[in-house]
>>> print(open('final_17.txt').read())   # compact mmCIF, N, CA and C atoms
# COMPACT_ATOMS: atom_id res chain seq x y z
N MET I 179 18.85 -6.39 -5.70
CA MET I 179 17.54 -6.72 -5.19
C MET I 179 16.90 -7.74 -6.14
N PRO I 180 16.36 -8.83 -5.60
CA PRO I 180 15.72 -9.85 -6.44
C PRO I 180 14.53 -9.29 -7.21
N VAL I 181 14.23 -9.92 -8.33
CA VAL I 181 13.14 -9.46 -9.20
C VAL I 181 11.82 -9.40 -8.45
N ASP I 182 11.51 -10.40 -7.62
CA ASP I 182 10.25 -10.40 -6.88
C ASP I 182 10.14 -9.19 -5.96
N ASP I 183 11.27 -8.78 -5.35
CA ASP I 183 11.26 -7.60 -4.50
C ASP I 183 10.96 -6.34 -5.31
N LYS I 184 11.49 -6.27 -6.51
CA LYS I 184 11.22 -5.12 -7.38
C LYS I 184 9.75 -5.09 -7.78
N LYS I 185 9.20 -6.25 -8.07
CA LYS I 185 7.77 -6.33 -8.44
C LYS I 185 6.90 -5.91 -7.25
N ALA I 186 7.27 -6.36 -6.05
CA ALA I 186 6.51 -5.99 -4.86
C ALA I 186 6.61 -4.49 -4.61
N PHE I 187 7.81 -3.93 -4.81
CA PHE I 187 7.97 -2.48 -4.68
C PHE I 187 7.04 -1.78 -5.67
N ALA I 188 7.00 -2.24 -6.91
CA ALA I 188 6.16 -1.62 -7.93
C ALA I 188 4.69 -1.63 -7.50
N GLU I 189 4.23 -2.72 -6.92
CA GLU I 189 2.84 -2.79 -6.47
C GLU I 189 2.58 -1.82 -5.32
N ARG I 190 3.52 -1.72 -4.39
CA ARG I 190 3.34 -0.77 -3.29
C ARG I 190 3.36 0.67 -3.82
N LEU I 191 4.23 0.95 -4.78
CA LEU I 191 4.29 2.28 -5.38
C LEU I 191 2.96 2.61 -6.05
N LYS I 192 2.42 1.70 -6.81
CA LYS I 192 1.13 1.93 -7.49
C LYS I 192 0.01 2.16 -6.47
N THR I 193 0.04 1.38 -5.40
CA THR I 193 -0.98 1.54 -4.35
C THR I 193 -0.88 2.92 -3.72
N ALA I 194 0.33 3.34 -3.40
CA ALA I 194 0.52 4.66 -2.79
C ALA I 194 0.13 5.77 -3.76
N LEU I 195 0.43 5.60 -5.03
CA LEU I 195 0.08 6.62 -6.03
C LEU I 195 -1.44 6.78 -6.14
N LYS I 196 -2.18 5.70 -5.95
CA LYS I 196 -3.64 5.76 -6.03
C LYS I 196 -4.23 6.63 -4.92
N ARG I 197 -3.50 6.79 -3.84
CA ARG I 197 -3.98 7.55 -2.70
C ARG I 197 -3.82 9.06 -2.87
N LEU I 198 -3.11 9.47 -3.89
CA LEU I 198 -2.91 10.90 -4.12
C LEU I 198 -4.22 11.57 -4.51
N PRO I 199 -4.39 12.85 -4.16
CA PRO I 199 -5.61 13.56 -4.56
C PRO I 199 -5.80 13.56 -6.08
N LYS I 200 -4.72 13.75 -6.82
CA LYS I 200 -4.78 13.67 -8.29
C LYS I 200 -3.95 12.46 -8.67
N SER I 201 -4.62 11.43 -9.15
CA SER I 201 -3.91 10.19 -9.43
C SER I 201 -2.91 10.35 -10.57
N ILE I 202 -1.88 9.57 -10.51
CA ILE I 202 -0.84 9.54 -11.53
C ILE I 202 -1.18 8.38 -12.47
N GLU I 203 -1.39 8.70 -13.74
CA GLU I 203 -1.83 7.69 -14.70
C GLU I 203 -0.70 7.13 -15.55
N THR I 204 0.36 7.89 -15.75
CA THR I 204 1.41 7.45 -16.67
C THR I 204 2.79 7.64 -16.04
N ALA I 205 3.77 6.97 -16.64
CA ALA I 205 5.15 7.12 -16.19
C ALA I 205 5.64 8.55 -16.40
N THR I 206 5.19 9.18 -17.45
CA THR I 206 5.57 10.57 -17.72
C THR I 206 5.07 11.48 -16.60
N GLU I 207 3.81 11.28 -16.19
CA GLU I 207 3.26 12.07 -15.08
C GLU I 207 4.04 11.79 -13.80
N LEU I 208 4.35 10.53 -13.55
CA LEU I 208 5.12 10.17 -12.36
C LEU I 208 6.47 10.88 -12.38
N ALA I 209 7.19 10.80 -13.49
CA ALA I 209 8.50 11.43 -13.59
C ALA I 209 8.39 12.94 -13.37
N HIS I 210 7.41 13.57 -14.01
CA HIS I 210 7.24 15.01 -13.89
C HIS I 210 6.97 15.42 -12.44
N GLN I 211 5.99 14.77 -11.81
CA GLN I 211 5.63 15.12 -10.43
C GLN I 211 6.78 14.81 -9.47
N PHE I 212 7.45 13.69 -9.69
CA PHE I 212 8.59 13.32 -8.85
C PHE I 212 9.69 14.38 -8.96
N ASN I 213 10.01 14.77 -10.17
CA ASN I 213 11.09 15.74 -10.39
C ASN I 213 10.80 17.10 -9.76
N LEU I 214 9.53 17.45 -9.61
CA LEU I 214 9.18 18.70 -8.93
C LEU I 214 9.51 18.64 -7.44
N LYS I 215 9.58 17.44 -6.90
CA LYS I 215 9.80 17.26 -5.47
C LYS I 215 11.23 16.84 -5.11
N HIS I 216 11.93 16.28 -6.06
CA HIS I 216 13.27 15.73 -5.79
C HIS I 216 14.34 16.79 -6.05
N GLN I 217 15.20 16.99 -5.08
CA GLN I 217 16.22 18.05 -5.16
C GLN I 217 17.44 17.64 -5.99
N ASN I 218 17.68 16.37 -6.12
CA ASN I 218 18.88 15.90 -6.82
C ASN I 218 18.58 15.62 -8.28
N GLU I 219 19.34 14.75 -8.88
CA GLU I 219 19.21 14.44 -10.31
C GLU I 219 17.80 13.97 -10.66
N PRO I 220 17.20 14.55 -11.70
CA PRO I 220 15.85 14.15 -12.08
C PRO I 220 15.83 12.75 -12.69
N ILE I 221 14.62 12.21 -12.77
CA ILE I 221 14.45 10.91 -13.43
C ILE I 221 13.77 11.12 -14.77
N THR I 222 13.92 10.16 -15.64
CA THR I 222 13.27 10.18 -16.95
C THR I 222 11.96 9.41 -16.87
N PRO I 223 11.07 9.62 -17.81
CA PRO I 223 9.87 8.80 -17.86
C PRO I 223 10.21 7.31 -17.99
N GLN I 224 11.31 6.99 -18.64
CA GLN I 224 11.71 5.59 -18.79
C GLN I 224 12.08 4.99 -17.42
N ALA I 225 12.75 5.78 -16.59
CA ALA I 225 13.09 5.30 -15.24
C ALA I 225 11.82 5.08 -14.43
N ALA I 226 10.89 6.02 -14.52
CA ALA I 226 9.61 5.87 -13.81
C ALA I 226 8.87 4.63 -14.31
N GLN I 227 8.92 4.39 -15.61
CA GLN I 227 8.27 3.20 -16.17
C GLN I 227 8.89 1.93 -15.60
N ARG I 228 10.20 1.91 -15.45
CA ARG I 228 10.88 0.73 -14.88
C ARG I 228 10.46 0.53 -13.42
N TRP I 229 10.28 1.61 -12.68
CA TRP I 229 9.79 1.48 -11.30
C TRP I 229 8.39 0.86 -11.29
N LEU I 230 7.53 1.38 -12.18
CA LEU I 230 6.14 0.92 -12.21
C LEU I 230 6.01 -0.52 -12.70
N LYS I 231 6.93 -0.95 -13.54
CA LYS I 231 6.89 -2.33 -14.06
C LYS I 231 7.63 -3.31 -13.15
N GLY I 232 8.37 -2.78 -12.18
CA GLY I 232 9.09 -3.65 -11.27
C GLY I 232 10.36 -4.21 -11.86
N THR I 233 10.98 -3.46 -12.78
CA THR I 233 12.25 -3.92 -13.35
C THR I 233 13.43 -3.12 -12.83
N ALA I 234 13.15 -2.05 -12.08
CA ALA I 234 14.21 -1.23 -11.49
C ALA I 234 13.72 -0.72 -10.15
N TYR I 235 14.68 -0.31 -9.35
CA TYR I 235 14.40 0.14 -8.00
C TYR I 235 15.08 1.49 -7.80
N PRO I 236 14.44 2.45 -7.14
CA PRO I 236 15.07 3.76 -6.96
C PRO I 236 16.22 3.72 -5.95
N THR I 237 17.12 4.66 -6.10
CA THR I 237 18.21 4.81 -5.13
C THR I 237 17.61 5.30 -3.80
N ALA I 238 18.40 5.27 -2.75
CA ALA I 238 17.91 5.61 -1.41
C ALA I 238 17.35 7.04 -1.36
N ASP I 239 18.03 8.00 -1.99
CA ASP I 239 17.53 9.37 -1.95
C ASP I 239 16.21 9.51 -2.71
N LYS I 240 16.08 8.79 -3.81
CA LYS I 240 14.83 8.84 -4.59
C LYS I 240 13.71 8.12 -3.83
N LEU I 241 14.05 7.03 -3.17
CA LEU I 241 13.06 6.32 -2.37
C LEU I 241 12.52 7.22 -1.26
N GLN I 242 13.41 7.98 -0.62
CA GLN I 242 12.97 8.88 0.45
C GLN I 242 12.08 9.99 -0.11
N THR I 243 12.43 10.52 -1.27
CA THR I 243 11.57 11.54 -1.89
C THR I 243 10.20 10.97 -2.19
N LEU I 244 10.16 9.75 -2.75
CA LEU I 244 8.87 9.10 -3.02
C LEU I 244 8.06 8.95 -1.73
N ALA I 245 8.71 8.45 -0.68
CA ALA I 245 8.02 8.22 0.59
C ALA I 245 7.46 9.52 1.15
N ASP I 246 8.27 10.57 1.14
CA ASP I 246 7.81 11.86 1.65
C ASP I 246 6.63 12.38 0.84
N TRP I 247 6.74 12.31 -0.47
CA TRP I 247 5.69 12.78 -1.36
C TRP I 247 4.40 11.99 -1.17
N LEU I 248 4.52 10.67 -1.08
CA LEU I 248 3.36 9.80 -1.02
C LEU I 248 2.83 9.60 0.40
N ASN I 249 3.50 10.23 1.36
CA ASN I 249 3.08 10.16 2.76
C ASN I 249 3.02 8.71 3.26
N VAL I 250 4.06 7.96 2.95
CA VAL I 250 4.23 6.60 3.46
C VAL I 250 5.64 6.51 4.03
N SER I 251 5.90 5.47 4.76
CA SER I 251 7.26 5.32 5.28
C SER I 251 8.16 4.74 4.19
N ALA I 252 9.40 5.17 4.18
CA ALA I 252 10.36 4.62 3.21
C ALA I 252 10.53 3.13 3.45
N HIS I 253 10.48 2.72 4.71
CA HIS I 253 10.61 1.28 5.03
C HIS I 253 9.49 0.49 4.39
N TRP I 254 8.24 0.98 4.53
CA TRP I 254 7.12 0.26 3.93
C TRP I 254 7.25 0.23 2.41
N LEU I 255 7.60 1.36 1.81
CA LEU I 255 7.72 1.42 0.37
C LEU I 255 8.78 0.44 -0.14
N LYS I 256 9.88 0.35 0.58
CA LYS I 256 10.97 -0.53 0.16
C LYS I 256 10.71 -2.00 0.51
N ASN I 257 10.24 -2.24 1.73
CA ASN I 257 10.17 -3.62 2.23
C ASN I 257 8.78 -4.19 2.40
N GLY I 258 7.77 -3.34 2.38
CA GLY I 258 6.43 -3.82 2.64
C GLY I 258 6.11 -3.80 4.12
N PRO I 259 4.98 -4.39 4.49
CA PRO I 259 4.56 -4.35 5.89
C PRO I 259 5.47 -5.22 6.75
N PRO I 260 5.51 -4.90 8.05
CA PRO I 260 6.27 -5.77 8.94
C PRO I 260 5.57 -7.13 9.03
N PRO I 261 6.27 -8.13 9.49
CA PRO I 261 5.64 -9.45 9.62
C PRO I 261 4.40 -9.35 10.51
N ALA I 262 3.42 -10.17 10.20
CA ALA I 262 2.18 -10.17 10.99
C ALA I 262 2.49 -10.55 12.42
N PRO I 263 1.83 -9.88 13.37
CA PRO I 263 2.06 -10.23 14.77
C PRO I 263 1.61 -11.65 15.05
N ARG I 264 2.29 -12.27 15.98
CA ARG I 264 1.93 -13.64 16.35
C ARG I 264 0.62 -13.63 17.12
N LYS I 265 -0.16 -14.69 16.93
CA LYS I 265 -1.44 -14.79 17.62
C LYS I 265 -1.20 -14.98 19.11
N SER I 266 -2.08 -14.34 19.89
CA SER I 266 -2.00 -14.53 21.33
C SER I 266 -3.35 -15.01 21.84
N ALA I 267 -3.35 -15.58 23.00
CA ALA I 267 -4.58 -16.09 23.59
C ALA I 267 -5.45 -14.96 24.12
N SER I 268 -4.91 -13.74 24.18
CA SER I 268 -5.65 -12.61 24.75
C SER I 268 -6.78 -12.14 23.84
N GLY I 269 -6.76 -12.53 22.56
CA GLY I 269 -7.81 -12.11 21.63
C GLY I 269 -7.76 -10.63 21.34
N LYS I 270 -6.56 -10.07 21.21
CA LYS I 270 -6.38 -8.66 20.91
C LYS I 270 -7.10 -8.27 19.63
N ARG I 271 -7.55 -7.01 19.56
CA ARG I 271 -8.20 -6.49 18.36
C ARG I 271 -7.23 -6.61 17.18
N GLY I 272 -7.76 -6.99 16.05
CA GLY I 272 -6.94 -7.09 14.86
C GLY I 272 -6.32 -8.47 14.67
N GLN I 273 -6.51 -9.34 15.65
CA GLN I 273 -5.98 -10.69 15.54
C GLN I 273 -7.03 -11.57 14.86
N PRO I 274 -6.71 -12.17 13.73
CA PRO I 274 -7.70 -13.00 13.06
C PRO I 274 -7.93 -14.30 13.81
N GLY I 275 -9.13 -14.85 13.64
CA GLY I 275 -9.43 -16.17 14.20
C GLY I 275 -8.92 -17.23 13.27
N GLN I 276 -9.48 -18.41 13.38
CA GLN I 276 -9.10 -19.50 12.50
C GLN I 276 -9.55 -19.16 11.08
N PRO I 277 -8.72 -19.47 10.09
CA PRO I 277 -9.13 -19.18 8.70
C PRO I 277 -10.47 -19.83 8.38
N GLY I 278 -11.34 -19.04 7.75
CA GLY I 278 -12.64 -19.56 7.33
C GLY I 278 -13.71 -19.49 8.41
N GLN I 279 -13.35 -19.11 9.62
CA GLN I 279 -14.32 -19.02 10.70
C GLN I 279 -14.64 -17.55 10.96
N LEU I 280 -15.93 -17.24 11.00
CA LEU I 280 -16.35 -15.88 11.27
C LEU I 280 -16.87 -15.79 12.70
N ASN I 281 -16.53 -14.69 13.36
CA ASN I 281 -17.16 -14.46 14.66
C ASN I 281 -18.53 -13.84 14.41
N GLU I 282 -19.27 -13.60 15.47
CA GLU I 282 -20.64 -13.11 15.33
C GLU I 282 -20.70 -11.74 14.64
N LYS I 283 -19.80 -10.85 15.02
CA LYS I 283 -19.77 -9.50 14.44
C LYS I 283 -19.45 -9.57 12.94
N GLU I 284 -18.49 -10.41 12.56
CA GLU I 284 -18.12 -10.56 11.15
C GLU I 284 -19.28 -11.16 10.35
N ALA I 285 -19.98 -12.10 10.93
CA ALA I 285 -21.12 -12.73 10.24
C ALA I 285 -22.23 -11.70 9.99
N ARG I 286 -22.50 -10.83 10.98
CA ARG I 286 -23.53 -9.78 10.80
C ARG I 286 -23.09 -8.80 9.71
N LEU I 287 -21.83 -8.44 9.72
CA LEU I 287 -21.31 -7.52 8.71
C LEU I 287 -21.43 -8.12 7.31
N LEU I 288 -21.07 -9.38 7.18
CA LEU I 288 -21.16 -10.06 5.89
C LEU I 288 -22.61 -10.14 5.42
N ALA I 289 -23.53 -10.40 6.32
CA ALA I 289 -24.95 -10.47 5.96
C ALA I 289 -25.42 -9.12 5.41
N LYS I 290 -24.99 -8.02 6.04
CA LYS I 290 -25.37 -6.68 5.56
C LYS I 290 -24.71 -6.38 4.21
N LEU I 291 -23.47 -6.80 4.05
CA LEU I 291 -22.75 -6.58 2.80
C LEU I 291 -23.48 -7.25 1.64
N ARG I 292 -24.03 -8.40 1.88
CA ARG I 292 -24.72 -9.16 0.82
C ARG I 292 -26.01 -8.48 0.37
N LEU I 293 -26.51 -7.52 1.14
CA LEU I 293 -27.72 -6.79 0.78
C LEU I 293 -27.44 -5.60 -0.12
N LEU I 294 -26.18 -5.23 -0.26
CA LEU I 294 -25.80 -4.05 -1.02
C LEU I 294 -25.74 -4.32 -2.52
N SER I 295 -25.83 -3.24 -3.29
CA SER I 295 -25.69 -3.35 -4.74
C SER I 295 -24.24 -3.64 -5.09
N GLU I 296 -23.99 -4.03 -6.32
CA GLU I 296 -22.63 -4.30 -6.77
C GLU I 296 -21.74 -3.07 -6.61
N HIS I 297 -22.27 -1.91 -6.95
CA HIS I 297 -21.50 -0.67 -6.83
C HIS I 297 -21.19 -0.36 -5.36
N GLN I 298 -22.18 -0.56 -4.49
CA GLN I 298 -21.96 -0.31 -3.06
C GLN I 298 -20.90 -1.27 -2.50
N VAL I 299 -20.93 -2.51 -2.93
CA VAL I 299 -19.92 -3.48 -2.48
C VAL I 299 -18.54 -3.03 -2.95
N TYR I 300 -18.47 -2.53 -4.16
CA TYR I 300 -17.20 -2.01 -4.69
C TYR I 300 -16.68 -0.88 -3.80
N ILE I 301 -17.55 0.04 -3.42
CA ILE I 301 -17.16 1.17 -2.58
C ILE I 301 -16.68 0.68 -1.21
N VAL I 302 -17.41 -0.25 -0.63
CA VAL I 302 -17.01 -0.80 0.67
C VAL I 302 -15.65 -1.51 0.55
N ALA I 303 -15.45 -2.26 -0.52
CA ALA I 303 -14.17 -2.96 -0.72
C ALA I 303 -13.02 -1.97 -0.86
N GLU I 304 -13.26 -0.87 -1.59
CA GLU I 304 -12.23 0.16 -1.73
C GLU I 304 -11.90 0.79 -0.38
N LEU I 305 -12.92 1.05 0.41
CA LEU I 305 -12.71 1.63 1.74
C LEU I 305 -11.91 0.67 2.62
N ILE I 306 -12.27 -0.60 2.60
CA ILE I 306 -11.54 -1.59 3.39
C ILE I 306 -10.10 -1.68 2.94
N ASP I 307 -9.87 -1.65 1.63
CA ASP I 307 -8.49 -1.67 1.12
C ASP I 307 -7.70 -0.49 1.65
N GLN I 308 -8.31 0.70 1.64
CA GLN I 308 -7.61 1.89 2.11
C GLN I 308 -7.34 1.83 3.62
N LEU I 309 -8.32 1.36 4.38
CA LEU I 309 -8.12 1.24 5.82
C LEU I 309 -7.05 0.21 6.15
N ALA I 310 -7.06 -0.90 5.43
CA ALA I 310 -6.04 -1.93 5.66
C ALA I 310 -4.66 -1.39 5.29
N LEU I 311 -4.59 -0.63 4.22
CA LEU I 311 -3.31 -0.04 3.82
C LEU I 311 -2.83 0.93 4.88
N GLU I 312 -3.73 1.77 5.40
CA GLU I 312 -3.35 2.70 6.45
C GLU I 312 -2.80 1.95 7.66
N ARG I 313 -3.46 0.88 8.02
CA ARG I 313 -3.01 0.09 9.18
C ARG I 313 -1.65 -0.53 8.89
N GLU I 314 -1.46 -0.99 7.66
CA GLU I 314 -0.20 -1.61 7.26
C GLU I 314 0.94 -0.60 7.26
N ILE I 315 0.68 0.58 6.73
CA ILE I 315 1.71 1.61 6.62
C ILE I 315 2.04 2.20 7.98
N TRP I 316 1.02 2.46 8.77
CA TRP I 316 1.22 3.16 10.04
C TRP I 316 0.98 2.24 11.22
N ALA I 317 1.38 0.99 11.09
CA ALA I 317 1.17 0.01 12.16
C ALA I 317 1.80 0.50 13.47
N ASP I 318 1.08 0.29 14.55
CA ASP I 318 1.59 0.64 15.87
C ASP I 318 2.74 -0.28 16.23
N PRO I 319 3.92 0.28 16.54
CA PRO I 319 5.08 -0.57 16.86
C PRO I 319 4.82 -1.51 18.02
N SER I 320 3.92 -1.17 18.94
CA SER I 320 3.64 -2.05 20.08
C SER I 320 2.91 -3.32 19.64
N GLU I 321 2.33 -3.31 18.44
CA GLU I 321 1.61 -4.49 17.95
C GLU I 321 2.51 -5.43 17.20
N LYS I 322 3.76 -5.07 17.02
CA LYS I 322 4.68 -5.91 16.25
C LYS I 322 5.28 -6.98 17.12
>>> encode(input="final_17.txt", output="structure tokens")
Amino acid sequence: MPVDDKKAFAERLKTALKRLPKSIETATELAHQFNLKHQNEPITPQAAQRWLKGTAYPTADKLQTLADWLNVSAHWLKNGPPPAPRKSASGKRGQPGQPGQLNEKEARLLAKLRLLSEHQVYIVAELIDQLALEREIWADPSEK
């Protein structure tokens, strides 16, 4: 697997770990929690560190354990989101317009966002990140 793919895997792994009720802060915690869930050979904190740094990639059985534990698809964890759907003239929900152009609803939302405090904007951004991740992970196959 090319280095860039390993780095991308590491970023997806970190993103999925953030979604856990109790966040995983260190490679040691990752290894410990992973080993509680994995039925086969355990991993070391050094192996977990290599996953988090994007210098190593888990075997298929370990990838599946991670996916099951993190409640994401193994495909997403390994490969990332499917390619973006092609634009259609139907204006389906979720289809972006021209880059840099806001529709009326987006403009109203942005105007309201600008009225919020820095902390509130942070919270909204975190929520949007989580919703986008959910959509990415659990994308409807009919939209592909």
>>> closest_residue(input="final_17.txt", among="I:Lys283, I:Phe212, I:Val302, I:Arg228", to="Leu244 in chain I", atoms="only N, CA and C atoms")
I:Phe212
>>> atom_distance(input="final_17.txt", atom1="CA of Thr222 in chain I", atom2="CA of Glu203 in chain I")
15.5 Å
>>> atom_distance(input="final_17.txt", atom1="atom C of Lys215 in chain I", atom2="CA of Leu309 in chain I")
27.2 Å
>>> closest_residue(input="final_17.txt", among="I:Leu208, I:Arg313, I:Glu219, I:Ile301", to="Pro259 in chain I", atoms="only C-alpha atoms")
I:Arg313
>>> closest_residue(input="final_17.txt", among="I:His297, I:Lys240, I:Lys231, I:Arg286", to="Lys184 in chain I", atoms="only N, CA and C atoms")
I:Lys231
>>> decode(input="final_17.txt", residues="range 193-283 of chain I", atoms="C-alpha atoms", output="PDB file, in the first residue's frame")
ATOM      1  CA  THR I 193     -11.609  10.441  12.956  1.00  0.00           C
ATOM      2  CA  ALA I 194     -13.449   7.237  13.842  1.00  0.00           C
ATOM      3  CA  LEU I 195     -11.701   7.051  17.225  1.00  0.00           C
ATOM      4  CA  LYS I 196     -12.945  10.562  18.052  1.00  0.00           C
ATOM      5  CA  ARG I 197     -16.512   9.307  17.710  1.00  0.00           C
ATOM      6  CA  LEU I 198     -16.148   6.810  20.549  1.00  0.00           C
ATOM      7  CA  PRO I 199     -17.928   7.625  23.828  1.00  0.00           C
ATOM      8  CA  LYS I 200     -14.543   7.501  25.596  1.00  0.00           C
ATOM      9  CA  SER I 201     -11.925   8.900  23.288  1.00  0.00           C
ATOM     10  CA  ILE I 202      -8.656   7.093  22.738  1.00  0.00           C
ATOM     11  CA  GLU I 203      -5.763   9.450  23.465  1.00  0.00           C
ATOM     12  CA  THR I 204      -2.681   7.254  23.081  1.00  0.00           C
ATOM     13  CA  ALA I 205      -1.369   4.303  21.103  1.00  0.00           C
ATOM     14  CA  THR I 206      -1.241   2.308  24.331  1.00  0.00           C
ATOM     15  CA  GLU I 207      -4.953   2.931  24.920  1.00  0.00           C
ATOM     16  CA  LEU I 208      -5.694   2.010  21.313  1.00  0.00           C
ATOM     17  CA  ALA I 209      -3.735  -1.249  21.586  1.00  0.00           C
ATOM     18  CA  HIS I 210      -5.369  -2.145  24.907  1.00  0.00           C
ATOM     19  CA  GLN I 211      -8.940  -1.454  23.746  1.00  0.00           C
ATOM     20  CA  PHE I 212      -8.322  -3.139  20.392  1.00  0.00           C
ATOM     21  CA  ASN I 213      -6.908  -6.271  22.041  1.00  0.00           C
ATOM     22  CA  LEU I 214     -10.031  -6.578  24.207  1.00  0.00           C
ATOM     23  CA  LYS I 215     -12.083  -6.868  21.017  1.00  0.00           C
ATOM     24  CA  HIS I 216      -9.780  -8.803  18.694  1.00  0.00           C
ATOM     25  CA  GLN I 217      -9.930 -12.595  18.916  1.00  0.00           C
ATOM     26  CA  ASN I 218      -6.627 -13.312  17.166  1.00  0.00           C
ATOM     27  CA  GLU I 219      -3.063 -12.201  17.840  1.00  0.00           C
ATOM     28  CA  PRO I 220      -2.905  -8.998  19.907  1.00  0.00           C
ATOM     29  CA  ILE I 221      -1.162  -5.849  18.770  1.00  0.00           C
ATOM     30  CA  THR I 222       1.522  -3.902  20.602  1.00  0.00           C
ATOM     31  CA  PRO I 223       1.355  -0.203  21.401  1.00  0.00           C
ATOM     32  CA  GLN I 224       4.111   0.211  18.796  1.00  0.00           C
ATOM     33  CA  ALA I 225       1.877  -1.336  16.122  1.00  0.00           C
ATOM     34  CA  ALA I 226      -0.984   0.957  17.139  1.00  0.00           C
ATOM     35  CA  GLN I 227       1.404   3.909  16.956  1.00  0.00           C
ATOM     36  CA  ARG I 228       2.372   2.935  13.396  1.00  0.00           C
ATOM     37  CA  TRP I 229      -1.323   2.816  12.444  1.00  0.00           C
ATOM     38  CA  LEU I 230      -1.897   6.264  13.954  1.00  0.00           C
ATOM     39  CA  LYS I 231       1.167   7.742  12.240  1.00  0.00           C
ATOM     40  CA  GLY I 232       0.292   6.215   8.886  1.00  0.00           C
ATOM     41  CA  THR I 233       3.444   4.123   8.574  1.00  0.00           C
ATOM     42  CA  ALA I 234       1.718   0.732   8.789  1.00  0.00           C
ATOM     43  CA  TYR I 235      -1.596  -0.755   7.854  1.00  0.00           C
ATOM     44  CA  PRO I 236      -3.543  -3.471   9.715  1.00  0.00           C
ATOM     45  CA  THR I 237      -4.123  -6.922   8.273  1.00  0.00           C
ATOM     46  CA  ALA I 238      -7.614  -7.731   6.977  1.00  0.00           C
ATOM     47  CA  ASP I 239      -8.754  -9.406  10.207  1.00  0.00           C
ATOM     48  CA  LYS I 240      -7.513  -6.478  12.302  1.00  0.00           C
ATOM     49  CA  LEU I 241      -9.136  -4.001   9.918  1.00  0.00           C
ATOM     50  CA  GLN I 242     -12.463  -5.804  10.339  1.00  0.00           C
ATOM     51  CA  THR I 243     -12.128  -5.747  14.134  1.00  0.00           C
ATOM     52  CA  LEU I 244     -11.418  -2.004  13.991  1.00  0.00           C
ATOM     53  CA  ALA I 245     -14.412  -1.422  11.716  1.00  0.00           C
ATOM     54  CA  ASP I 246     -16.759  -3.432  13.932  1.00  0.00           C
ATOM     55  CA  TRP I 247     -15.511  -1.706  17.082  1.00  0.00           C
ATOM     56  CA  LEU I 248     -15.648   1.786  15.593  1.00  0.00           C
ATOM     57  CA  ASN I 249     -19.022   1.189  13.921  1.00  0.00           C
ATOM     58  CA  VAL I 250     -17.770   2.098  10.449  1.00  0.00           C
ATOM     59  CA  SER I 251     -17.509   0.026   7.321  1.00  0.00           C
ATOM     60  CA  ALA I 252     -14.235  -1.779   6.704  1.00  0.00           C
ATOM     61  CA  HIS I 253     -14.369  -0.439   3.137  1.00  0.00           C
ATOM     62  CA  TRP I 254     -14.549   3.160   4.345  1.00  0.00           C
ATOM     63  CA  LEU I 255     -11.795   2.616   6.898  1.00  0.00           C
ATOM     64  CA  LYS I 256      -9.519   1.066   4.280  1.00  0.00           C
ATOM     65  CA  ASN I 257     -10.395   3.090   1.181  1.00  0.00           C
ATOM     66  CA  GLY I 258     -12.228   6.190   2.278  1.00  0.00           C
ATOM     67  CA  PRO I 259     -15.499   7.470   0.861  1.00  0.00           C
ATOM     68  CA  PRO I 260     -16.765   6.357  -2.517  1.00  0.00           C
ATOM     69  CA  PRO I 261     -16.200   8.791  -5.372  1.00  0.00           C
ATOM     70  CA  ALA I 262     -18.506  11.791  -5.293  1.00  0.00           C
ATOM     71  CA  PRO I 263     -21.656  11.291  -7.332  1.00  0.00           C
ATOM     72  CA  ARG I 264     -21.730  13.028 -10.670  1.00  0.00           C
ATOM     73  CA  LYS I 265     -23.758  16.203 -10.891  1.00  0.00           C
ATOM     74  CA  SER I 266     -27.159  15.907 -12.483  1.00  0.00           C
ATOM     75  CA  ALA I 267     -29.518  18.502 -13.857  1.00  0.00           C
ATOM     76  CA  SER I 268     -32.235  17.269 -11.473  1.00  0.00           C
ATOM     77  CA  GLY I 269     -30.770  19.272  -8.566  1.00  0.00           C
ATOM     78  CA  LYS I 270     -30.869  16.315  -6.167  1.00  0.00           C
ATOM     79  CA  ARG I 271     -30.349  17.025  -2.468  1.00  0.00           C
ATOM     80  CA  GLY I 272     -26.702  16.904  -1.514  1.00  0.00           C
ATOM     81  CA  GLN I 273     -25.505  17.998  -4.934  1.00  0.00           C
ATOM     82  CA  PRO I 274     -23.310  21.085  -4.632  1.00  0.00           C
ATOM     83  CA  GLY I 275     -23.791  24.057  -6.927  1.00  0.00           C
ATOM     84  CA  GLN I 276     -20.988  25.907  -8.615  1.00  0.00           C
ATOM     85  CA  PRO I 277     -17.991  26.385  -6.313  1.00  0.00           C
ATOM     86  CA  GLY I 278     -18.198  29.689  -4.473  1.00  0.00           C
ATOM     87  CA  GLN I 279     -21.891  30.206  -5.231  1.00  0.00           C
ATOM     88  CA  LEU I 280     -24.396  30.043  -2.403  1.00  0.00           C
ATOM     89  CA  ASN I 281     -28.070  29.360  -2.872  1.00  0.00           C
ATOM     90  CA  GLU I 282     -30.594  31.351  -0.859  1.00  0.00           C
ATOM     91  CA  LYS I 283     -30.857  28.789   1.968  1.00  0.00           C
TER      92      LYS I 283
END
